[in-house]
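Q: Quick one: the structure is below, and I'll ask about it shortly.
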Amino acid sequence: MNEQEQEPTNLTDTVVRGVGLAGAGYVLAQVLTLGFFVVLARLATPADFGDYAAGSLIVSIGLLFTESGMMAALTHRPDRIDEAASTATISTALSGVLFSLLAFAASPLIGLIFDSSRVTSVAAAVSGLLLLRSLMVVPESLLQRRFSFLRRVVIDPVGVLAFGITAVILCANGLGVWGLVVGYYVAAAIEVVLSWGLVGWRPQLRQASFGMWRELIRYGRFGAGATLLERAGEQVPVVLIGHFSGAGALGQFRYAQRIAATPLAVIVQAGSYVIFPALARITGSRERLRGASVRSLRMMCTISFPLGMILIPLGVPIAVLVFGEVWRDAGYAAMALSLYPIAGTLLSLSAEVAKADGRPDIVARTQGVVLVTGTLIMLALLPFGLVGVVAGLGLGWLAGGMYGLWKIERLLEIPIKDLLAEAFPPVAAALTMAAILTPLEFLVVQADSRGTAVGLVLLVAEGILGLAIYLGALRLLAPETLREITGLVTGLLRRGDKADEPPVPPAAPELEILDEPPF
């Protein structure tokens, strides 16, 4: 690994290419995931998925402590990369061992919270995932800082295939929740092997030092704190739904979350995977950082807002037609989660800008707002059951997203009205789309009441109509934004036609960077 990575020269090309590759890889992984979960929805029950969600609660939180902010610290670090990576490798591996043991010991407590002996067994069984996931922190960070997209293009899809094939075979033979457990273990093990095989670097134990660990922790502690708050916020609805409504409702929540989070994840994973390392390299120029941040906000909002609003008319038919009638409640919950992609975009962008500018403390404060606000609203809406809790989750995220936008305004000295002006056209266009499609679906089309084949055709037709309405409204409100999006898509397609090899070799971080990023 080069100790001093070459200063980039063309950021736009690298970021546009990166967003395209990362997005394509992530979309592929999500398509594969959707296919496997469509099958699993018919092989396992909502209670199976609910028991897995409850049992993996401690793992979700424990992942924070095994990573300890090391990924962001290593990605952000400007020098002594070999020493930092070697130190982080040892630190994360030891944390993985320690917290796997602690998670195993805490499994009876998880079962007590959900009043289920099976949840206790699942919690104990999945504790080892903490160790496997901790082993991926360093290679993933090195790939990200090099703008190598092997993580998204190769590792993620292969991991999904490993999980899906294993889980489908085992669930088809009646293993239920245990098929899911084994599937996740197989996927994690394969991803660890692929990550280290593709990164082209090995740690040198003699280079690891306590002094370097302290430097990494000094930056990473805020990231760790933010992740702790984020994980806690994610688990509040799991505890509330699982404890008060049972494993079946919790399984419905997980499928609703999958429906709502998929569009958000495509944008966030494709964009933020590239935004953070790209912006970290231009923080010395405040004007360029401001321009890149505003442009990123405009592009991400334009893409993500309609993906959230379309869940209002199409959430129920998507759940019923894709996963089956038994998952109808997940469709209503997905409708309530329509704010999730919108709020998540604001949260993600503000977090990447703050981390890149050396202010990870802002991310921690933002997640604190999400946790406190979301928890209070979820508790207030608890009498409304599953839909009330997930609506509270989305509103909590929206509060955090607005707070993050306010902090970015102060950090970059951009008037808040300018930031809101970037978000207004996609908000208005997306609301217009939802206002037209919702009565059309519920009063006229009713796709979920048709046969599966006919219903899916109608669902696709409504999606196309929704896209046309959104683009038409956006053309009236912000024609320059629409032209910019069209130009980026055209540029991605042209680069794809010319691409004969990976843009950044995995073992040679020679980077082409530094213009204004489109995301």
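Naming works like this for the structure tokens: A, B, ... for the chains as they're shown, residue 1 at the start of each chain, ligands 1 onward in shown order.
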From the DSSP assignment of the backbone, select every residue of range 317-453 of chain A that is alpha helix (DSSP H), and format the answer as JSON, numbers by chain.
A: {"A": [317, 318, 328, 329, 330, 331, 332, 333, 334, 335, 336, 339, 340, 341, 342, 343, 344, 345, 346, 347, 348, 349, 350, 351, 352, 353, 354, 355, 356, 360, 361, 362, 363, 364, 365, 366, 367, 368, 369, 370, 371, 372, 373, 374, 375, 376, 377, 378, 379, 380, 385, 386, 387, 388, 389, 390, 391, 392, 393, 394, 395, 396, 397, 398, 399, 400, 401, 402, 403, 404, 405, 406, 407, 408, 409, 410, 411, 412, 416, 417, 418, 419, 420, 421, 422, 423, 424, 425, 426, 427, 428, 429, 430, 431, 432, 433, 434, 435, 436, 437, 438, 439, 452, 453]}
Q: How would the residues just picked look written out with C-alpha atoms as an mmCIF file, in the first residue's frame?
A:
```
data_model
loop_
_atom_site.group_PDB
_atom_site.id
_atom_site.type_symbol
_atom_site.label_atom_id
_atom_site.label_comp_id
_atom_site.auth_asym_id
_atom_site.auth_seq_id
_atom_site.Cartn_x
_atom_site.Cartn_y
_atom_site.Cartn_z
ATOM 1 C CA PRO A 317 -49.953 -4.075 -3.399
ATOM 2 C CA ILE A 318 -46.177 -4.528 -3.391
ATOM 3 C CA ARG A 328 -50.522 -7.494 3.917
ATOM 4 C CA ASP A 329 -49.802 -5.852 7.276
ATOM 5 C CA ALA A 330 -46.242 -5.265 6.086
ATOM 6 C CA GLY A 331 -47.726 -3.259 3.211
ATOM 7 C CA TYR A 332 -49.613 -0.941 5.550
ATOM 8 C CA ALA A 333 -46.459 -0.543 7.635
ATOM 9 C CA ALA A 334 -44.504 0.282 4.448
ATOM 10 C CA MET A 335 -47.005 3.060 3.727
ATOM 11 C CA ALA A 336 -46.315 4.479 7.176
ATOM 12 C CA LEU A 339 -40.798 9.170 5.119
ATOM 13 C CA TYR A 340 -37.992 6.673 5.732
ATOM 14 C CA PRO A 341 -36.177 7.095 2.368
ATOM 15 C CA ILE A 342 -36.652 10.874 2.442
ATOM 16 C CA ALA A 343 -35.387 11.336 5.990
ATOM 17 C CA GLY A 344 -32.624 8.778 5.484
ATOM 18 C CA THR A 345 -31.248 10.757 2.550
ATOM 19 C CA LEU A 346 -30.961 13.915 4.661
ATOM 20 C CA LEU A 347 -29.385 11.963 7.511
ATOM 21 C CA SER A 348 -26.894 10.211 5.280
ATOM 22 C CA LEU A 349 -25.767 13.301 3.405
ATOM 23 C CA SER A 350 -25.335 15.423 6.532
ATOM 24 C CA ALA A 351 -23.359 12.585 8.127
ATOM 25 C CA GLU A 352 -20.988 12.167 5.169
ATOM 26 C CA VAL A 353 -20.361 15.919 4.907
ATOM 27 C CA ALA A 354 -19.701 16.220 8.650
ATOM 28 C CA LYS A 355 -17.353 13.224 8.738
ATOM 29 C CA ALA A 356 -15.459 14.427 5.678
ATOM 30 C CA PRO A 360 -18.015 13.328 13.394
ATOM 31 C CA ASP A 361 -19.420 14.799 16.630
ATOM 32 C CA ILE A 362 -22.221 16.298 14.519
ATOM 33 C CA VAL A 363 -23.201 12.802 13.400
ATOM 34 C CA ALA A 364 -23.469 11.664 17.029
ATOM 35 C CA ARG A 365 -25.681 14.622 17.947
ATOM 36 C CA THR A 366 -27.897 14.019 14.927
ATOM 37 C CA GLN A 367 -28.403 10.366 15.846
ATOM 38 C CA GLY A 368 -29.208 11.484 19.385
ATOM 39 C CA VAL A 369 -32.049 13.606 17.992
ATOM 40 C CA VAL A 370 -33.294 10.612 15.993
ATOM 41 C CA LEU A 371 -33.226 8.340 19.035
ATOM 42 C CA VAL A 372 -34.923 10.695 21.495
ATOM 43 C CA THR A 373 -37.516 12.113 19.090
ATOM 44 C CA GLY A 374 -38.292 8.770 17.472
ATOM 45 C CA THR A 375 -38.660 6.955 20.794
ATOM 46 C CA LEU A 376 -41.049 9.576 22.186
ATOM 47 C CA ILE A 377 -43.225 9.532 19.055
ATOM 48 C CA MET A 378 -43.219 5.723 18.870
ATOM 49 C CA LEU A 379 -44.332 5.507 22.500
ATOM 50 C CA ALA A 380 -47.074 8.067 21.848
ATOM 51 C CA GLY A 385 -49.891 -0.959 16.947
ATOM 52 C CA LEU A 386 -47.480 -1.814 14.142
ATOM 53 C CA VAL A 387 -48.436 1.092 11.877
ATOM 54 C CA GLY A 388 -48.197 3.610 14.721
ATOM 55 C CA VAL A 389 -44.727 2.457 15.769
ATOM 56 C CA VAL A 390 -43.293 2.519 12.242
ATOM 57 C CA ALA A 391 -44.828 5.946 11.594
ATOM 58 C CA GLY A 392 -43.067 7.165 14.730
ATOM 59 C CA LEU A 393 -39.816 5.676 13.437
ATOM 60 C CA GLY A 394 -40.115 7.618 10.175
ATOM 61 C CA LEU A 395 -40.978 10.878 11.958
ATOM 62 C CA GLY A 396 -37.978 10.440 14.257
ATOM 63 C CA TRP A 397 -35.722 10.014 11.257
ATOM 64 C CA LEU A 398 -37.217 13.123 9.643
ATOM 65 C CA ALA A 399 -36.507 15.169 12.782
ATOM 66 C CA GLY A 400 -32.910 13.950 12.723
ATOM 67 C CA GLY A 401 -32.580 14.710 9.024
ATOM 68 C CA MET A 402 -33.763 18.286 9.503
ATOM 69 C CA TYR A 403 -31.407 18.722 12.444
ATOM 70 C CA GLY A 404 -28.517 17.379 10.357
ATOM 71 C CA LEU A 405 -29.371 19.825 7.572
ATOM 72 C CA TRP A 406 -29.338 22.673 10.088
ATOM 73 C CA LYS A 407 -25.899 21.624 11.374
ATOM 74 C CA ILE A 408 -24.525 21.458 7.824
ATOM 75 C CA GLU A 409 -25.849 24.977 7.264
ATOM 76 C CA ARG A 410 -23.791 26.194 10.199
ATOM 77 C CA LEU A 411 -20.740 24.072 9.369
ATOM 78 C CA LEU A 412 -20.476 25.187 5.744
ATOM 79 C CA ILE A 416 -30.732 27.184 5.310
ATOM 80 C CA LYS A 417 -33.125 28.662 2.760
ATOM 81 C CA ASP A 418 -30.680 27.702 0.013
ATOM 82 C CA LEU A 419 -30.559 24.104 1.247
ATOM 83 C CA LEU A 420 -34.354 23.896 1.545
ATOM 84 C CA ALA A 421 -34.670 25.393 -1.933
ATOM 85 C CA GLU A 422 -32.714 22.417 -3.295
ATOM 86 C CA ALA A 423 -35.079 19.954 -1.595
ATOM 87 C CA PHE A 424 -38.372 21.721 -2.383
ATOM 88 C CA PRO A 425 -38.833 20.757 -6.086
ATOM 89 C CA PRO A 426 -38.443 16.992 -5.526
ATOM 90 C CA VAL A 427 -40.692 17.174 -2.433
ATOM 91 C CA ALA A 428 -43.451 18.967 -4.340
ATOM 92 C CA ALA A 429 -43.123 16.685 -7.383
ATOM 93 C CA ALA A 430 -43.165 13.537 -5.235
ATOM 94 C CA LEU A 431 -46.245 14.723 -3.298
ATOM 95 C CA THR A 432 -48.000 15.441 -6.586
ATOM 96 C CA MET A 433 -47.261 11.915 -7.759
ATOM 97 C CA ALA A 434 -48.568 10.377 -4.499
ATOM 98 C CA ALA A 435 -51.710 12.564 -4.544
ATOM 99 C CA ILE A 436 -52.639 11.290 -8.012
ATOM 100 C CA LEU A 437 -51.650 7.640 -7.628
ATOM 101 C CA THR A 438 -53.186 6.988 -4.183
ATOM 102 C CA PRO A 439 -56.881 7.413 -5.096
ATOM 103 C CA THR A 452 -50.701 -12.257 -9.153
ATOM 104 C CA ALA A 453 -49.771 -11.934 -12.844
#
```
Q: Which residues are near Val193 in chain A? Cut-off 12 Å, only C-alpha atoms, ignore same chain within fewer than 2 positions. Put them as a CSV table (one decimal) with N, CA and C atoms, in the first residue's frame.
A:
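Done, and the output landed in selection.csv:
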```csv
chain,number,residue,atom,x,y,z
A,132,LEU,N,-17.2,-12.5,12.9
A,132,LEU,CA,-17.0,-12.5,11.4
A,132,LEU,C,-17.1,-11.1,10.8
A,133,ARG,N,-18.1,-10.3,11.3
A,133,ARG,CA,-18.3,-9.0,10.7
A,133,ARG,C,-17.1,-8.1,11.1
A,135,LEU,N,-14.1,-8.8,11.2
A,135,LEU,CA,-12.9,-9.1,10.4
A,135,LEU,C,-13.0,-8.4,9.0
A,136,MET,N,-14.2,-7.8,8.7
A,136,MET,CA,-14.4,-7.2,7.4
A,136,MET,C,-14.1,-5.7,7.5
A,139,PRO,N,-10.5,-4.4,5.6
A,139,PRO,CA,-10.5,-4.5,4.1
A,139,PRO,C,-11.6,-3.6,3.4
A,140,GLU,N,-12.7,-3.5,4.1
A,140,GLU,CA,-13.8,-2.7,3.5
A,140,GLU,C,-13.4,-1.2,3.5
A,155,ILE,N,-18.4,-8.5,-3.8
A,155,ILE,CA,-18.5,-9.1,-2.5
A,155,ILE,C,-20.0,-9.1,-2.1
A,158,VAL,N,-22.2,-11.7,-4.1
A,158,VAL,CA,-21.8,-13.1,-3.8
A,158,VAL,C,-22.3,-13.5,-2.4
A,159,GLY,N,-22.2,-12.5,-1.5
A,159,GLY,CA,-22.7,-12.8,-0.1
A,159,GLY,C,-24.2,-13.0,-0.1
A,186,VAL,N,-23.1,-18.4,6.7
A,186,VAL,CA,-22.4,-18.7,5.4
A,186,VAL,C,-22.0,-17.5,4.6
A,187,ALA,N,-23.0,-16.5,4.5
A,187,ALA,CA,-22.7,-15.3,3.8
A,187,ALA,C,-21.6,-14.5,4.4
A,188,ALA,N,-21.6,-14.4,5.8
A,188,ALA,CA,-20.6,-13.6,6.5
A,188,ALA,C,-19.2,-14.3,6.3
A,189,ALA,N,-19.1,-15.6,6.3
A,189,ALA,CA,-17.8,-16.2,6.2
A,189,ALA,C,-17.2,-16.0,4.7
A,190,ILE,N,-18.1,-16.1,3.7
A,190,ILE,CA,-17.7,-15.9,2.4
A,190,ILE,C,-17.2,-14.5,2.1
A,191,GLU,N,-18.0,-13.6,2.7
A,191,GLU,CA,-17.6,-12.1,2.5
A,191,GLU,C,-16.3,-11.8,3.2
A,195,SER,N,-13.3,-10.4,1.0
A,195,SER,CA,-12.8,-9.1,1.3
A,195,SER,C,-11.2,-9.1,1.4
A,196,TRP,N,-10.7,-10.0,2.2
A,196,TRP,CA,-9.3,-10.1,2.3
A,196,TRP,C,-8.6,-10.5,1.1
A,197,GLY,N,-9.2,-11.4,0.3
A,197,GLY,CA,-8.6,-11.8,-1.0
A,197,GLY,C,-8.5,-10.7,-2.0
A,198,LEU,N,-9.5,-9.8,-2.0
A,198,LEU,CA,-9.5,-8.8,-3.0
A,198,LEU,C,-8.8,-7.5,-2.6
A,199,VAL,N,-8.6,-7.3,-1.3
A,199,VAL,CA,-8.0,-6.0,-0.9
A,199,VAL,C,-6.5,-5.9,-1.3
A,200,GLY,N,-5.8,-7.1,-1.4
A,200,GLY,CA,-4.4,-7.0,-1.9
A,200,GLY,C,-3.5,-6.4,-0.8
```
Q: Contacts of Leu101 in chain A at 12 Å or less, counting only C-alpha atoms, minus same-chain residues fewer than 5 places along, as a list of chain:residue names?
A: A:Ile58, A:Val59, A:Gly62, A:Thr66, A:Leu94, A:Ser95, A:Gly96, A:Ala106, A:Ser107, A:Ala123, A:Ala124, A:Ala125, A:Val126, A:Ser127, A:Gly128, A:Leu129, A:Leu130, A:Leu131
Q: In terms of the shortest atom-to-atom distance over only C-alpha atoms, which of A:Ile464, A:Val322, A:Met299, A:Leu161 is closest to Ala478 in chain A?
A: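 Ranking A:Ile464, A:Val322, A:Met299, A:Leu161 by distance to Ala478 in chain A, first place goes to A:Met299.
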Q: Of the candidates A:Val182, A:Ala29, A:Ala84, A:Val137, which shows the shortest atom-to-atom distance to Val153 in chain A, using only C-alpha atoms?
A: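 The answer is A:Ala29, which sits nearest to Val153 in chain A.
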Q: Identify which of the residues A:Val168, A:Val154, A:Ile217, A:Ala53 lies closest to Gln257 in chain A, counting only C-alpha atoms when measuring atom-to-atom distances.
A: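 The closest residue to Gln257 in chain A is A:Ala53.
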